[in-house]
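Below: model-v5.txt (compact mmCIF, C-alpha atoms)
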# COMPACT_ATOMS: atom_id res chain seq x y z
CA MET A 297 104.50 112.93 130.77
CA LYS A 298 102.62 113.67 134.01
CA ARG A 299 102.37 117.26 132.86
CA LEU A 300 100.43 116.04 129.82
CA PHE A 301 98.06 113.80 131.77
CA ASN A 302 97.15 116.62 134.11
CA HIS A 303 96.63 119.08 131.30
CA PRO A 304 92.98 120.14 130.85
CA ASP A 305 93.22 119.34 127.15
CA PHE A 306 94.02 115.71 127.96
CA ARG A 307 90.56 115.51 129.57
CA ALA A 308 89.05 117.31 126.59
CA GLY A 309 90.64 114.78 124.23
CA VAL A 310 89.31 111.89 126.32
CA ASN A 311 85.83 113.42 126.49
CA ASP A 312 85.55 114.15 122.77
CA MET A 313 86.48 110.56 121.95
CA ALA A 314 84.33 109.11 124.73
CA ALA A 315 81.28 110.70 123.11
CA VAL A 316 81.80 108.60 119.98
CA ALA A 317 83.31 105.56 121.70
CA PRO A 318 80.05 103.53 121.65
CA GLY A 319 80.02 103.72 117.87
CA ILE A 320 83.70 102.84 117.61
CA ALA A 321 83.18 100.03 120.10
CA ALA A 322 80.26 98.57 118.15
CA TRP A 323 82.43 98.63 115.05
CA GLY A 324 85.39 97.08 116.87
CA LEU A 325 83.10 94.42 118.31
CA MET A 326 81.89 93.40 114.86
CA THR A 327 85.46 93.43 113.52
CA GLY A 328 86.41 91.06 116.35
CA VAL A 329 83.53 88.77 115.42
CA ALA A 330 84.47 88.92 111.73
CA MET A 331 88.10 88.06 112.48
CA VAL A 332 87.14 84.94 114.44
CA LYS A 333 84.60 83.84 111.82
CA SER A 334 87.20 84.18 109.07
CA GLY A 335 88.91 81.06 110.43
CA MET A 336 92.22 82.55 111.55
CA SER A 337 93.78 81.00 114.65
CA LEU A 338 93.22 82.57 118.07
CA VAL A 339 96.83 83.79 118.26
CA GLU A 340 96.53 85.41 114.85
CA VAL A 341 93.20 87.02 115.69
CA LEU A 342 94.52 88.43 118.98
CA LEU A 343 97.68 89.77 117.37
CA MET A 344 95.70 91.45 114.64
CA ALA A 345 93.20 92.91 117.11
CA ILE A 346 95.90 94.39 119.32
CA LEU A 347 98.54 95.47 116.81
CA VAL A 348 97.14 96.43 113.43
CA PHE A 349 94.74 99.13 114.72
CA ALA A 350 93.21 99.91 111.34
CA GLY A 351 89.72 98.47 110.93
CA SER A 352 89.31 98.95 107.20
CA SER A 353 92.65 97.37 106.38
CA GLN A 354 91.91 94.47 108.75
CA LEU A 355 88.57 93.78 107.07
CA ALA A 356 90.16 94.08 103.62
CA ALA A 357 92.96 91.68 104.55
CA LEU A 358 90.80 88.94 106.11
CA PRO A 359 89.54 87.29 102.92
CA LEU A 360 93.04 87.51 101.39
CA ILE A 361 94.70 85.87 104.40
CA VAL A 362 92.10 83.11 104.48
CA ALA A 363 92.51 82.52 100.74
CA GLY A 364 96.28 82.21 101.22
CA ALA A 365 97.15 85.23 99.06
CA PRO A 366 100.87 86.10 98.83
CA MET A 367 102.10 88.38 101.59
CA TRP A 368 102.95 91.25 99.26
CA VAL A 369 99.39 91.28 97.91
CA ILE A 370 97.99 91.54 101.43
CA LEU A 371 100.45 94.26 102.42
CA ALA A 372 99.83 96.19 99.20
CA THR A 373 96.11 96.01 99.89
CA ALA A 374 96.59 97.27 103.45
CA PHE A 375 98.76 100.06 102.10
CA CYS A 376 96.22 101.21 99.53
CA VAL A 377 93.33 101.03 101.98
CA ASN A 378 95.43 103.21 104.30
CA LEU A 379 96.42 105.78 101.68
CA ARG A 380 94.06 108.36 103.16
CA PHE A 381 96.21 108.39 106.29
CA MET A 382 99.09 109.76 104.23
CA VAL A 383 96.91 112.76 103.38
CA PHE A 384 96.15 113.16 107.08
CA SER A 385 99.85 112.98 107.94
CA ALA A 386 100.61 115.76 105.45
CA HIS A 387 98.03 117.87 107.24
CA LEU A 388 99.31 117.02 110.71
CA ARG A 389 103.01 117.33 109.97
CA PRO A 390 103.40 120.91 111.29
CA TYR A 391 101.78 119.84 114.57
CA VAL A 392 104.38 117.18 115.41
CA MET A 393 107.67 118.06 113.79
CA HIS A 394 109.11 119.47 117.02
CA GLN A 395 108.95 115.93 118.50
CA SER A 396 111.58 113.21 118.17
CA LEU A 397 111.19 110.73 115.33
CA TRP A 398 110.14 107.91 117.68
CA LYS A 399 107.44 110.03 119.23
CA ARG A 400 106.22 111.09 115.81
CA LEU A 401 105.97 107.45 114.76
CA GLY A 402 104.12 106.57 117.95
CA TYR A 403 101.75 109.50 117.66
CA GLY A 404 101.14 108.72 114.01
CA TYR A 405 100.43 105.05 114.72
CA LEU A 406 97.59 105.96 117.07
CA MET A 407 96.06 108.63 114.81
CA ALA A 408 93.03 106.90 113.31
CA ASP A 409 90.36 108.63 111.19
CA LEU A 410 88.24 109.96 114.00
CA ASN A 411 91.21 111.22 116.01
CA TYR A 412 92.35 113.18 112.98
CA VAL A 413 88.93 114.67 112.48
CA LEU A 414 88.45 115.59 116.15
CA PHE A 415 91.98 116.92 116.49
CA THR A 416 91.80 119.22 113.46
CA ARG A 417 88.32 120.34 114.54
CA ARG A 418 89.69 121.49 117.89
CA PHE A 419 93.00 122.82 116.57
CA PRO A 420 92.54 124.19 113.04
CA HIS A 421 96.06 125.65 113.16
CA PRO A 422 99.36 124.29 114.51
CA GLY A 423 100.48 125.91 117.75
CA THR A 424 103.24 128.49 117.76
CA ASP A 425 103.65 129.24 121.47
CA PRO A 426 104.60 126.56 124.04
CA ALA A 427 101.23 126.65 125.85
CA VAL A 428 99.26 125.82 122.72
CA ILE A 429 101.79 123.18 121.66
CA ALA A 430 101.47 121.48 125.05
CA ALA A 431 97.66 121.63 124.83
CA GLN A 432 97.76 120.02 121.39
CA GLU A 433 100.01 117.20 122.55
CA ALA A 434 97.85 116.55 125.62
CA TYR A 435 94.70 116.47 123.50
CA TRP A 436 96.33 114.17 120.94
CA ILE A 437 97.37 111.65 123.60
CA GLY A 438 94.06 111.73 125.48
CA ASN A 439 92.05 111.41 122.30
CA CYS A 440 94.14 108.65 120.74
CA ALA A 441 94.49 106.62 123.94
CA THR A 442 90.72 106.65 124.42
CA GLY A 443 90.25 105.60 120.81
CA TRP A 444 92.76 102.76 121.17
CA VAL A 445 91.16 101.44 124.34
CA SER A 446 87.64 101.54 122.89
CA TRP A 447 88.62 99.93 119.61
CA VAL A 448 90.96 97.24 120.91
CA GLY A 449 88.84 96.53 124.00
CA ALA A 450 85.73 96.09 121.87
CA SER A 451 87.61 93.91 119.35
CA LEU A 452 88.75 91.61 122.16
CA LEU A 453 85.18 91.43 123.48
CA GLY A 454 84.02 90.59 119.96
CA ILE A 455 86.57 87.77 119.80
CA VAL A 456 85.25 86.34 123.08
CA LEU A 457 81.59 86.71 122.11
CA ALA A 458 82.05 85.75 118.46
CA ASN A 459 79.63 82.88 118.63
CA SER A 460 76.85 84.70 120.43
CA ILE A 461 76.63 87.88 118.29
CA PRO A 462 75.31 87.24 114.79
CA LEU A 463 76.85 89.49 112.15
CA SER A 464 73.34 89.77 110.65
CA TRP A 465 72.18 92.09 113.43
CA GLY A 466 74.27 94.79 111.87
CA LEU A 467 75.54 96.28 115.15
CA GLY A 468 78.48 97.68 113.21
CA PHE A 469 76.14 100.31 111.78
CA ALA A 470 76.57 102.16 115.06
CA GLY A 471 80.09 103.01 113.86
CA ILE A 472 78.66 104.63 110.73
CA LEU A 473 76.23 106.63 112.90
CA ALA A 474 79.11 107.83 115.08
CA LEU A 475 80.91 109.09 111.98
CA LEU A 476 77.64 110.66 110.79
CA GLY A 477 77.41 112.68 114.00
CA ILE A 478 81.00 113.87 113.61
CA MET A 479 80.35 114.72 109.98
CA CYS A 480 77.38 116.89 110.99
CA SER A 481 79.56 118.64 113.58
CA LEU A 482 82.10 119.48 110.87
CA ALA A 483 79.59 120.83 108.36
CA THR A 484 79.85 124.35 109.74
CA THR A 485 80.36 126.22 106.47
CA ARG A 486 78.67 125.90 103.13
CA LEU A 487 81.88 124.76 101.44
CA ARG A 488 82.42 122.06 104.07
CA ALA A 489 78.93 120.76 103.33
CA VAL A 490 79.73 120.86 99.61
CA SER A 491 82.90 118.90 100.34
CA ALA A 492 80.87 116.18 102.09
CA GLY A 493 78.36 116.04 99.24
CA ILE A 494 80.99 115.80 96.51
CA ALA A 495 83.02 113.23 98.42
CA GLY A 496 79.95 111.10 99.12
CA ALA A 497 78.79 111.18 95.51
CA ALA A 498 82.29 110.49 94.19
CA ALA A 499 82.81 107.60 96.61
CA VAL A 500 79.56 106.01 95.43
CA ALA A 501 80.30 106.66 91.75
CA THR A 502 83.80 105.17 91.94
CA PHE A 503 82.91 102.39 94.36
CA ALA A 504 83.94 99.75 91.82
CA LEU A 505 87.60 100.79 92.09
CA PRO A 506 89.71 98.15 93.81
CA LEU A 507 91.36 98.53 97.23
CA LYS A 508 88.95 101.20 98.50
CA LEU A 509 90.69 103.69 96.23
CA ASN A 510 87.27 105.31 95.82
CA ILE A 511 87.87 106.99 99.19
CA LEU A 512 91.06 108.63 97.98
CA VAL A 513 89.44 109.70 94.70
CA ALA A 514 86.53 111.15 96.65
CA ILE A 515 88.78 113.18 98.97
CA ALA A 516 90.77 114.52 96.01
CA ALA A 517 87.62 115.45 94.09
CA ALA A 518 86.02 117.19 97.06
CA VAL A 519 89.14 119.17 97.93
CA ALA A 520 89.65 120.21 94.30
CA VAL A 521 86.06 121.36 93.86
CA CYS A 522 86.11 123.31 97.12
CA LEU A 523 89.37 125.05 96.18
CA LEU A 524 87.80 126.07 92.87
CA LEU A 525 84.65 127.35 94.59
CA GLU A 526 86.53 129.31 97.24
CA LYS A 527 86.45 133.06 96.97
CA PRO A 528 89.79 134.11 95.56
CA VAL A 529 92.09 135.07 98.41
CA ALA A 530 92.58 138.85 98.53
CA LYS A 531 96.04 139.58 97.18
CA PRO A 532 98.08 141.75 99.57
CA ALA A 533 99.50 144.50 97.38
CA ALA A 534 100.10 144.25 93.70
CA PRO A 535 103.71 143.25 93.10
CA ALA A 536 105.83 146.01 91.61
CA SER A 537 107.40 143.85 88.93
CA GLY A 538 105.32 141.61 86.73
CA ASP A 539 105.69 138.19 88.32
CA ALA A 540 102.00 137.43 88.72
CA ALA A 541 101.24 133.75 89.12
CA MET B 993 90.32 77.02 115.78
CA ASN B 994 92.97 76.64 113.17
CA GLN B 995 96.71 76.27 113.58
CA THR B 996 98.76 79.41 113.90
CA ASP B 997 100.75 79.99 110.78
CA LEU B 998 104.07 81.85 111.14
CA TRP B 999 103.66 83.37 107.70
CA THR B 1000 100.31 84.85 108.74
CA VAL B 1001 101.88 86.20 111.93
CA ALA B 1002 104.57 87.86 109.79
CA THR B 1003 101.82 89.30 107.56
CA ILE B 1004 100.07 90.76 110.61
CA LEU B 1005 103.33 92.34 111.78
CA GLY B 1006 103.77 93.73 108.27
CA MET B 1007 100.27 95.21 108.37
CA THR B 1008 101.16 96.87 111.68
CA ALA B 1009 104.22 98.40 110.04
CA ILE B 1010 101.98 99.65 107.20
CA THR B 1011 99.67 101.32 109.73
CA VAL B 1012 102.65 103.12 111.28
CA LEU B 1013 104.19 103.99 107.91
CA THR B 1014 101.05 105.42 106.31
CA ARG B 1015 99.91 107.34 109.39
CA SER B 1016 103.34 108.93 109.92
CA PHE B 1017 104.37 109.13 106.29
CA PHE B 1018 104.91 112.88 106.19
CA PHE B 1019 106.38 112.89 109.70
CA LEU B 1020 109.36 110.81 108.64
CA SER B 1021 111.64 113.36 107.04
CA ASP B 1022 113.27 116.03 109.21
CA LYS B 1023 113.98 118.26 106.24
CA PRO B 1024 112.33 121.67 106.48
CA TRP B 1025 109.41 121.49 104.12
CA THR B 1026 105.92 122.90 104.09
CA LEU B 1027 102.95 122.36 101.85
CA PRO B 1028 102.11 125.10 99.36
CA ALA B 1029 99.45 127.50 100.63
CA TRP B 1030 96.71 126.21 98.33
CA ALA B 1031 97.28 122.66 99.52
CA GLN B 1032 97.10 123.78 103.14
CA ARG B 1033 93.79 125.50 102.45
CA GLY B 1034 92.57 122.45 100.59
CA LEU B 1035 93.34 120.16 103.48
CA HIS B 1036 90.76 121.97 105.57
CA TYR B 1037 88.15 120.28 103.39
CA ALA B 1038 89.77 116.85 103.69
CA PRO B 1039 88.47 115.66 107.10
CA ILE B 1040 84.80 116.00 106.23
CA ALA B 1041 85.44 114.61 102.74
CA ALA B 1042 87.14 111.53 104.20
CA LEU B 1043 84.23 110.92 106.55
CA ALA B 1044 81.65 111.33 103.81
CA ALA B 1045 83.61 109.05 101.48
CA VAL B 1046 83.70 106.32 104.12
CA ILE B 1047 80.13 106.50 105.36
CA ILE B 1048 77.90 107.51 102.45
CA PRO B 1049 78.51 104.32 100.44
CA GLU B 1050 77.78 102.36 103.64
CA MET B 1051 74.41 104.11 103.84
CA VAL B 1052 73.12 103.91 100.29
CA MET B 1053 74.81 100.90 98.69
CA SER B 1054 74.63 97.17 99.10
CA GLN B 1055 76.61 94.52 97.23
CA GLY B 1056 78.41 97.30 95.37
CA HIS B 1057 75.25 98.88 93.92
CA LEU B 1058 73.06 101.80 94.86
CA ILE B 1059 70.00 100.49 96.66
CA ALA B 1060 66.80 100.71 94.66
CA THR B 1061 64.34 100.49 97.54
CA TRP B 1062 63.33 102.82 100.35
CA LYS B 1063 62.75 99.79 102.56
CA ASP B 1064 66.25 99.92 103.98
CA ALA B 1065 66.72 100.33 107.72
CA ARG B 1066 69.87 102.38 107.16
CA LEU B 1067 68.04 105.24 105.46
CA PHE B 1068 65.65 105.66 108.38
CA ALA B 1069 68.47 105.32 110.91
CA VAL B 1070 70.48 108.03 109.13
CA ALA B 1071 67.43 110.31 109.05
CA ALA B 1072 66.81 109.74 112.76
CA GLY B 1073 70.47 110.23 113.66
CA THR B 1074 70.77 113.43 111.62
CA ALA B 1075 67.53 114.80 113.10
CA TRP B 1076 68.82 114.08 116.59
CA TYR B 1077 72.11 115.75 115.85
CA TYR B 1078 70.52 119.00 114.69
CA TRP B 1079 67.99 118.90 117.53
CA ARG B 1080 70.31 118.12 120.42
CA HIS B 1081 73.89 118.33 119.11
CA GLY B 1082 75.32 115.18 120.57
CA VAL B 1083 77.15 112.37 118.83
CA LEU B 1084 76.16 109.80 121.44
CA GLY B 1085 72.50 110.70 120.94
CA THR B 1086 72.98 110.43 117.18
CA ILE B 1087 74.24 106.86 117.62
CA LEU B 1088 71.49 105.86 120.04
CA ALA B 1089 68.64 107.47 118.09
CA GLY B 1090 69.90 105.92 114.85
CA MET B 1091 70.30 102.44 116.35
CA ALA B 1092 66.88 102.68 118.05
CA VAL B 1093 65.39 103.04 114.57
CA TYR B 1094 67.83 100.71 112.81
CA LEU B 1095 67.71 97.57 114.97
CA PRO B 1096 63.91 96.98 115.01
CA LEU B 1097 63.57 97.67 111.29
CA HIS B 1098 66.59 95.51 110.45
CA ILE B 1099 66.02 92.59 112.81
CA TYR B 1100 62.20 92.37 112.86
CA LEU B 1101 61.24 93.61 109.41
CA GLY B 1102 64.38 92.47 107.64
CA TRP B 1103 64.87 95.89 105.97

Representation of the structure as structure tokens:
Amino acid sequence: MKRLFNHPDFRAGVNDMAAVAPGIAAWGLMTGVAMVKSGMSLVEVLLMAILVFAGSSQLAALPLIVAGAPMWVILATAFCVNLRFMVFSAHLRPYVMHQSLWKRLGYGYLMADLNYVLFTRRFPHPGTDPAVIAAQEAYWIGNCATGWVSWVGASLLGIVLANSIPLSWGLGFAGILALLGIMCSLATTRLRAVSAGIAGAAAVATFALPLKLNILVAIAAAVAVCLLLEKPVAKPAAPASGDAA
Amino acid sequence: MNQTDLWTVATILGMTAITVLTRSFFFLSDKPWTLPAWAQRGLHYAPIAALAAVIIPEMVMSQGHLIATWKDARLFAVAAGTAWYYWRHGVLGTILAGMAVYLPLHIYLGW
């Protein structure tokens, strides 16, 4: 463990997340305020702030909990709002499969949207030699721990200050701006920019879908369009027998 | 503050389990298995698509509809943030520049 904390990529993971932490914190702060204003008890609010660690599913669940919806409806909602994480886990699988199951679960738990984006930006390919694998693990832990502290810390602050920060100020918009900055940093190729454009348009067009499924539809549409627009991959050598795909 | 309800506590624990389950979904099975090559290529477009899908509706929609006015603080904040990003390349600056435009317009002008 100490080996990981002293690794230079641990620092890099902390620094990359620290650059966006103010945006995440503003978002966490407003989520804390929203949880208190929903009318849940203090114990419930604190538990949710510390454990759930998924802002969009927390915000989606609040009105359902307050309205006394059945548990399965709330859990199904949280599941659907989180569906995009399953796509992320498919992408990240080759990076973690050498770990034990418990570690994989722990690492997955902490892997929120921004961590995924920053991690895959720094490591576009899974490591094959031990040095790169260690660097990836160190970065993952540094990045996720910083994200957890900023999000949960800010949520707790929001719970304390709930009655002095009006939701109408719109401080949570800082979170959107943080994601905007990251999005700009990812738009390094024309197809990536196309992906953002398609996903944005599709998310707006299908906004009326329930359970934030518009996000999943938008990711699927953008990926599909980009795959179609890609230059065909050069085939190695023509196969001798006719088994062309 | 309201009374703590055990059922709600159980729901919150369940939501925590959902966070773990969805974020590690494809980590669960030990069976050797890899995505087909086209899917692996496609996933390189997924991070930016996920970001755009989350933030663009938050910039141009309100109450579930596209906004029909330019008098919206968010549009100017996004323009300022994007300009900062391409000028100075920093996410922190993007947040600060955007909020410096957003807060006065939103709080004082009500945009």

Across A:Ser353, A:Val332, A:Asn459, A:Met367, the smallest distance to Leu998 of chain B, with all atoms listed in the file counted, is shown by A:Met367

Correct to one decimal, the distance atom CA of Ser385 of chain A-atom CA of Ile1087 of chain B is 28.1 Å

Between atom CA of Ala386 of chain A and atom CA of Thr1003 of chain B lies a distance of 26.6 Å

Discussion item. Excluding Leu487 of chain A and its own-chain neighbours fewer than 6 positions away, which residues fall within 8 Å of it when counting all atoms listed in the file? Please give them as a PyMOL selection string.
Written reply: (chain A and resi 522+525-526) or (chain B and resi 1037)

(Q) Please list as a list in words every residue within 8 Å of Leu452 of chain A, counting all atoms listed in the file and excluding residues in the same chain fewer than 4 positions away. (A)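 Listing them by chain and then by number gives Leu325, Gly328, Leu342, Ala345, Val448 and Val456 of chain A.
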
Write out as a list in words each polymer residue whose atoms come within 9 Å of Ala489 of chain A, counting all atoms listed in the file; drop sequence neighbours fewer than 4 positions from it.
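Neighbouring residues, sequence-local ones excluded: Cys480, Leu482, Ala483, Thr484, Thr485, Gly493 and Ile494 of chain A; Ile1040 and Ala1041 of chain B.
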
From the list A:Thr327, A:Ser481, A:Gln354, A:Ser451, the nearest residue to Leu463 of chain A using all atoms listed in the file is A:Thr327
